[in-house]
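Report on the following structure.
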Amino acid sequence: MKILFLSTFSIFLLSAFDPANSSAHYDKILSHSRIRAREQGPNVCALQQVMGTKKKYFSTCRNWYQGTICGKKATVLYECCPGYMKMDGMRGCPAVAPIDHVYGTLGIVGATSTQRYSDMSKLREEIEGRGSFTFFSPSNEAWELLDREIHSNLIDNVNIELYNALHNHMVNKRMLTKDLKNGLTLVSMYNDQQLLINHYPNGVVTVNCARIIHGNQIATNGVVHVIDRVLTPVGNTIQEFLEAEDDVSSLRAAAITSGVLDTLGKPGHYTLFAPTNEAFEKLPRGVLERIMGDKVASEALMKFHILNTLQCSEAILGGAVYETLEGSTIEVGCDGESLTVNGVKMTNRKDIVTSNGVIHLIDHVLIPNSAKQVIELAGDQQTTFTDLLAQLGLTSSLRPEGQYTLLAPLNGAFSDDTLRMDLRLLKLIMQNHILKVKIGLNELYNGQKVETLGGKRLRIFVYRTAVCIENSCMVRGSKEGRNGVIHIFRQIIKPAEKSLREVLKNDKRFSIFLNLVKDADLDDVLSQPGEWTLFVPTNEAFKGLTDEEKEILRSDKNALRTILLYHLTKGIYIGSGFEPGVTNILKTIQGSKLFLKTVNDTLLVNEVKSKESDLMATNGVIHVIDKLLYPVDVPVGNELLLTILNKMIKYIQIKFVHGSRFQEIPLTFFSTRLIEGEPESKLFREGETITKVIHGEPIIETYTKIIDGHPVEVTEKKVTEERIIQGPEIQYTRITAGGRGDTEENLKKLLEEDTAVRRPKPPKKAQGTPRRRTRLVHP
């Protein structure tokens with residue numbers, strides 16, 4: 001009874017006078033295990049045991065509810081929590097385990113092999129005597145797993161080798177798990193050898209990567225922690241290991257080339273995933289030579305294998321993401337007894353403990369994106385894109401010293417018809433998916449224009465949850481490599497070639513809508529530069545209307561403009577740029593609102609399905625619908641017109657207010673203003689020639705252009721300028737860009753060129769309308 005009282009009192013003191021005890025990860029996980037087993041009685045803990053092994057864990061919530069550890073099914077066990085024991089005829093573990101000196105405590109926790117070796121090596125007297133010790137005792141299974149040769153050497157020389165080995169497991173002060181802070185280095189009682197402590201958030205505590213499987217067994221002269229392996233002395237640094245091991249000579253060469261080897265000789269807590277020579281031999285021919293010949297790439301390669309934290313294999317119970325010294329991340333997990341890196345089993349030797357970290361030998365070389373060529377960044381979903389680049393000879397244009405951006409569509413974006421196209425056309429398409437400049441995702445902005453390898457300028461559209469280039473929007477997966485960036489797209493990018501009006505004119509489906517646009521004097525809106533989104537009903541929307549009804553629709557220009565301009569909104573909105581399932585509200589040029597959302601990749605406009613989205617134009621985008629849209633907040637005052645609208649529009653109720661009139665919508669929402677300049681008088685040929693100058697409103701364009709091999713953000717100002725020269729036979733018009741005017745000499749030359757191509761005629765007064773020539777000149 002006295003011993004029982006002392007044991008209870010000791011546990012009370014150790015927990016009551018140190019509030020830090022409640023914050024230790026090990027103790028928190030142990031508390032959770034108690035809660036899970038509360039129905040089994042007092043002081044019972046729930047553990048998980050990996051099926052087919054003897055490994056048992058106080059589990060995190062994640063492992064507990066998944067029912068697995070390292071991908072293997074785990075069964076639930078109920079055992080007495082550390083420090084408690086069962087009593088006959090009573091539920092749970094109501095009794096406190098007896099307290100004894102360290103030697104006796106080894107027997108209490110079942111570490112009988114360590115207890116026996118303490119007898120053999122004459123250590124028993126020391127650990128039964130006065131002092132305050134921490135004994136990290138290997139379990140009986142740990143001694144069985146020890147290399148047979150090492151084990152025999154210890155047994156053959158018990159007074160020195162075995163005694164020293166046991167002292168290497170001891171610290172000359174009591175250290176509970178709450179005292180074993182992550183990153184702590186303890187000094188063992190053998191030759192001041194280092195014991196590296198790691199205390200992980202999942203409750204695992206390791207000593208030189210040996211896991212504590214039974215902790216905090218209090219003794220009268222210290223504490224015993226049972227660990228799952230025998231500790232061996234640690235002396236070398238990671239650098240010294242690499243310099244001594246022939247099996248990692250390729251990695252050693254990479255470390256020297258990159259200048260990283262010296263880092264691995266400095267104090268720290270590193271984890272090195274060290275590829276063997278066989279791993280380097282698996283690399284494609286030329287890849288290793290290219291990386292080793294590039295100091296930046298070789299440094300990135302080397303640092304990608306190093307973590308700035310010490311990760312022992314026993315602490316990895318599931319997948320977790322860690323940042324490497326290179327700056328990007330890797331996912332380290334486990335599959336049974338093997339470690340996985342980025343989901344691939346590749347470890348063939350684990351937990352080589354050094355004085356500044358731990359080494360895991362792996363059979364694959366990890367190549368970070370920063371060391372890859374841009375074409376190597378493509379994944380399994382972009383193989384069609386990369387295969388086409390190779391087949392069309394475009395891969396060779398991606399020079400290692402250059403800087404590029406690849407706009408890579410997913411494999412599913414390439415239809416059979418596309419792949420059967422003439423190779424010359426297909427090459428032009430692919431060239432427009434390569435930018436001659438490196439532009440990362442965070443460098444893209446709305447309204448930006450970028451130049452492709454094919455010479456096209458593509459427009460960038462940035463929305464709340466999407467980034468789109470022309471008709472195609474990005475999906476997750478952008479990567480940055482040594483000589484460029486790759487962005488992944490849902491569809492093939494189709495640069496716009498025609499204006500909104502030209503797109504409609506070339507498609508017979510829109511003939512009725514286009515005629516109505518013309519009747520409403522809105523032709524210029526669809527032809528002028530700008531950024532518009534146009535919802536265009538097909539001829540199907542007007543099906544059943546008689547010619548007389550169509551004429552009535554045309555007769556009220558204000559009504560017609562109200563209806564048509566309700567289909568037009570300022571700004572370019574790509575269908576796949578909308579956040580799925582969320583209603584987006586756009587204000588139309590007419591003034592009322594449109595309600596858009598995408599459901600199952602289909603664009604809905606006021607709940608009307610778009611039959612075809614994202615027909616790109618140089619001045620906007622078209623979404624095709626098969627019904628006419630009408631603003632519900634605008635009443636109709638003409639019964640005849642109401643009848644016609646109701647004939648076409650059945651998905652809403654149009655309001656009728658007798659006598660209501662449609663308001664005039666002035667065409668001030670787009671700019672066609674011309675400012676007449678000062679007249680200039682010129683003497684030209686015979687008689688007096690008058691030049692009239694008309695300036696259009698400036699147009700500002702910004703795009704990225706390669707100049708002398710460097711990306712430059714170009715802001716271009718275009719000014720249209722008409723010079724009408726009224727002379728004997730000709731009227732000449734020239735449009736200049738960049739605000740640059742023409743000299744009299746240039747005008748004379750152009751006029752002479754024009755005159756020279758015509759048959760000479762005797763001077764006479766010009767008949768009819770003078771001829772006009774238009775030419776665009778870039779600055």
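Letters A, B, ... mark the chains of the structure tokens in the order given; residue numbers begin at 1 per chain; ligand numbers begin at 1, in order shown.
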
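Contact shell of His169 of chain A at 6 Å (only C-alpha atoms; same-chain neighbours under 2 positions omitted): Phe135, Phe136, Leu166 and His167 of chain A.
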
Would you put the residues from that selection into a file with C-alpha atoms, as an mmCIF file, in the first residue's frame?
data_model
loop_
_atom_site.group_PDB
_atom_site.id
_atom_site.type_symbol
_atom_site.label_atom_id
_atom_site.label_comp_id
_atom_site.auth_asym_id
_atom_site.auth_seq_id
_atom_site.Cartn_x
_atom_site.Cartn_y
_atom_site.Cartn_z
ATOM 1 C CA PHE A 135 16.289 5.598 -19.780
ATOM 2 C CA PHE A 136 15.218 5.244 -23.437
ATOM 3 C CA LEU A 166 23.166 0.975 -22.706
ATOM 4 C CA HIS A 167 24.686 4.205 -21.413
#

| DSSP on the backbone: what in segment 75-149 of chain A comes out alpha helix (DSSP H), as a list in words? |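 Answer for segment 75-149 of chain A restricted to alpha helix (DSSP H) is Val102, Tyr103, Gly104, Thr105, Leu106, Gly107, Ile108, Thr112, Ser113, Thr114, Gln115, Arg116, Tyr117, Ser118, Asp119, Met120, Arg124, Glu125, Glu126, Ile127, Glu128, Asn140, Glu141, Ala142, Trp143, Glu144, Leu145, Arg148 and Glu149 of chain A.
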
| message | Using only C-alpha atoms, which protein or nucleic acid residues come within 7 Å of segment 618-626 of chain A? Drop anything in the same chain fewer than 6 positions from it, and give the result as a count of residues only. | response | 22

| field | segment 311-326 of chain A environment, 6 Å, only C-alpha atoms, sequence neighbours closer than 4 positions dropped, as a list of chain:residue names | value | A:Ile69, A:Cys70, A:Val204, A:Cys209, A:Ala300, A:Lys303, A:Phe304, A:Ile306, A:Leu307, A:Ile330, A:Glu331, A:Val332, A:Gly333, A:Cys334

Residues of the last selection are to be written out with N, CA and C atoms, as a PDB file, in the first residue's frame.
ATOM      1  N   ILE A  69      -3.514   3.409 -40.953  1.00  0.00           N
ATOM      2  CA  ILE A  69      -2.225   4.051 -40.679  1.00  0.00           C
ATOM      3  C   ILE A  69      -1.298   3.676 -41.815  1.00  0.00           C
ATOM      4  N   CYS A  70      -0.767   4.714 -42.476  1.00  0.00           N
ATOM      5  CA  CYS A  70       0.101   4.502 -43.645  1.00  0.00           C
ATOM      6  C   CYS A  70      -0.585   3.646 -44.708  1.00  0.00           C
ATOM      7  N   VAL A 204       3.751  11.862 -31.933  1.00  0.00           N
ATOM      8  CA  VAL A 204       4.916  10.975 -31.986  1.00  0.00           C
ATOM      9  C   VAL A 204       6.138  11.702 -31.438  1.00  0.00           C
ATOM     10  N   CYS A 209      15.337   9.236 -34.124  1.00  0.00           N
ATOM     11  CA  CYS A 209      14.346   8.609 -35.006  1.00  0.00           C
ATOM     12  C   CYS A 209      13.781   7.288 -34.477  1.00  0.00           C
ATOM     13  N   ALA A 300      18.851  24.190 -57.670  1.00  0.00           N
ATOM     14  CA  ALA A 300      17.427  23.920 -57.428  1.00  0.00           C
ATOM     15  C   ALA A 300      17.190  22.425 -57.260  1.00  0.00           C
ATOM     16  N   LYS A 303      18.570  21.323 -53.733  1.00  0.00           N
ATOM     17  CA  LYS A 303      17.789  21.849 -52.610  1.00  0.00           C
ATOM     18  C   LYS A 303      16.379  21.268 -52.564  1.00  0.00           C
ATOM     19  N   PHE A 304      15.906  20.762 -53.697  1.00  0.00           N
ATOM     20  CA  PHE A 304      14.573  20.159 -53.739  1.00  0.00           C
ATOM     21  C   PHE A 304      14.527  18.849 -52.961  1.00  0.00           C
ATOM     22  N   ILE A 306      15.965  18.522 -49.997  1.00  0.00           N
ATOM     23  CA  ILE A 306      16.312  18.827 -48.604  1.00  0.00           C
ATOM     24  C   ILE A 306      15.171  19.575 -47.920  1.00  0.00           C
ATOM     25  N   LEU A 307      14.796  19.100 -46.742  1.00  0.00           N
ATOM     26  CA  LEU A 307      13.856  19.811 -45.879  1.00  0.00           C
ATOM     27  C   LEU A 307      14.637  20.468 -44.755  1.00  0.00           C
ATOM     28  N   ILE A 330       6.981  19.340 -51.317  1.00  0.00           N
ATOM     29  CA  ILE A 330       6.796  17.940 -51.682  1.00  0.00           C
ATOM     30  C   ILE A 330       5.840  17.323 -50.666  1.00  0.00           C
ATOM     31  N   GLU A 331       5.154  16.281 -51.088  1.00  0.00           N
ATOM     32  CA  GLU A 331       4.274  15.559 -50.170  1.00  0.00           C
ATOM     33  C   GLU A 331       4.972  14.278 -49.724  1.00  0.00           C
ATOM     34  N   VAL A 332       5.165  14.151 -48.447  1.00  0.00           N
ATOM     35  CA  VAL A 332       5.804  12.965 -47.890  1.00  0.00           C
ATOM     36  C   VAL A 332       4.734  12.150 -47.177  1.00  0.00           C
ATOM     37  N   GLY A 333       4.634  10.892 -47.524  1.00  0.00           N
ATOM     38  CA  GLY A 333       3.648  10.019 -46.905  1.00  0.00           C
ATOM     39  C   GLY A 333       4.232   8.651 -46.653  1.00  0.00           C
ATOM     40  N   CYS A 334       3.382   7.670 -46.474  1.00  0.00           N
ATOM     41  CA  CYS A 334       3.853   6.315 -46.218  1.00  0.00           C
ATOM     42  C   CYS A 334       2.873   5.324 -46.810  1.00  0.00           C
TER      43      CYS A 334
END

Selection near Ala111 of chain A, 9 Å with only C-alpha atoms, sequence-local residues under 6 positions removed, as a PDB file with N, CA and C atoms, in the first residue's frame:
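And here's around.pdb as it stands now:
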ATOM      1  N   THR A 105      11.601  -0.847 -12.902  1.00  0.00           N
ATOM      2  CA  THR A 105      10.599  -0.304 -13.827  1.00  0.00           C
ATOM      3  C   THR A 105      10.737  -0.924 -15.218  1.00  0.00           C
ATOM      4  N   SER A 137      14.601   2.916 -23.237  1.00  0.00           N
ATOM      5  CA  SER A 137      14.860   1.476 -23.290  1.00  0.00           C
ATOM      6  C   SER A 137      14.296   0.850 -24.560  1.00  0.00           C
ATOM      7  N   PRO A 138      15.131   0.160 -25.351  1.00  0.00           N
ATOM      8  CA  PRO A 138      14.585  -0.585 -26.499  1.00  0.00           C
ATOM      9  C   PRO A 138      13.636  -1.676 -26.020  1.00  0.00           C
ATOM     10  N   SER A 139      12.579  -1.880 -26.775  1.00  0.00           N
ATOM     11  CA  SER A 139      11.651  -2.965 -26.460  1.00  0.00           C
ATOM     12  C   SER A 139      12.320  -4.302 -26.771  1.00  0.00           C
ATOM     13  N   ASN A 140      11.709  -5.379 -26.318  1.00  0.00           N
ATOM     14  CA  ASN A 140      12.255  -6.704 -26.621  1.00  0.00           C
ATOM     15  C   ASN A 140      12.324  -6.933 -28.133  1.00  0.00           C
ATOM     16  N   VAL A 226       9.953   3.513 -23.317  1.00  0.00           N
ATOM     17  CA  VAL A 226      10.255   2.367 -24.180  1.00  0.00           C
ATOM     18  C   VAL A 226      10.257   2.837 -25.634  1.00  0.00           C
TER      19      VAL A 226
END

| said: Would you pick out the contacts of Phe510 of chain A at 6 Å or less, using only C-alpha atoms, so that residues sharing its chain but fewer than 2 positions from it are not included, and give the list as an MDAnalysis selection string? | reply: chainID A and resid 504 508 512:513 538:539

| request: Pick out the residues sitting within 10 Å of Gly259 of chain A, and hand them over as a list in words; count only C-alpha atoms, and ignore anything fewer than 3 positions along from it in its own chain. | output: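 Answer for this query is Ala253, Ala254, Ala255, Ile256, Asp262, Thr263, Lys295, Ser298, Glu299 and Met302 of chain A.
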
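Between Glu128 of chain A and the residues A:Ile160, A:Val467, A:Ile238, A:Ala219, the shortest atom-to-atom distance, using only C-alpha atoms, involves A:Ala219.
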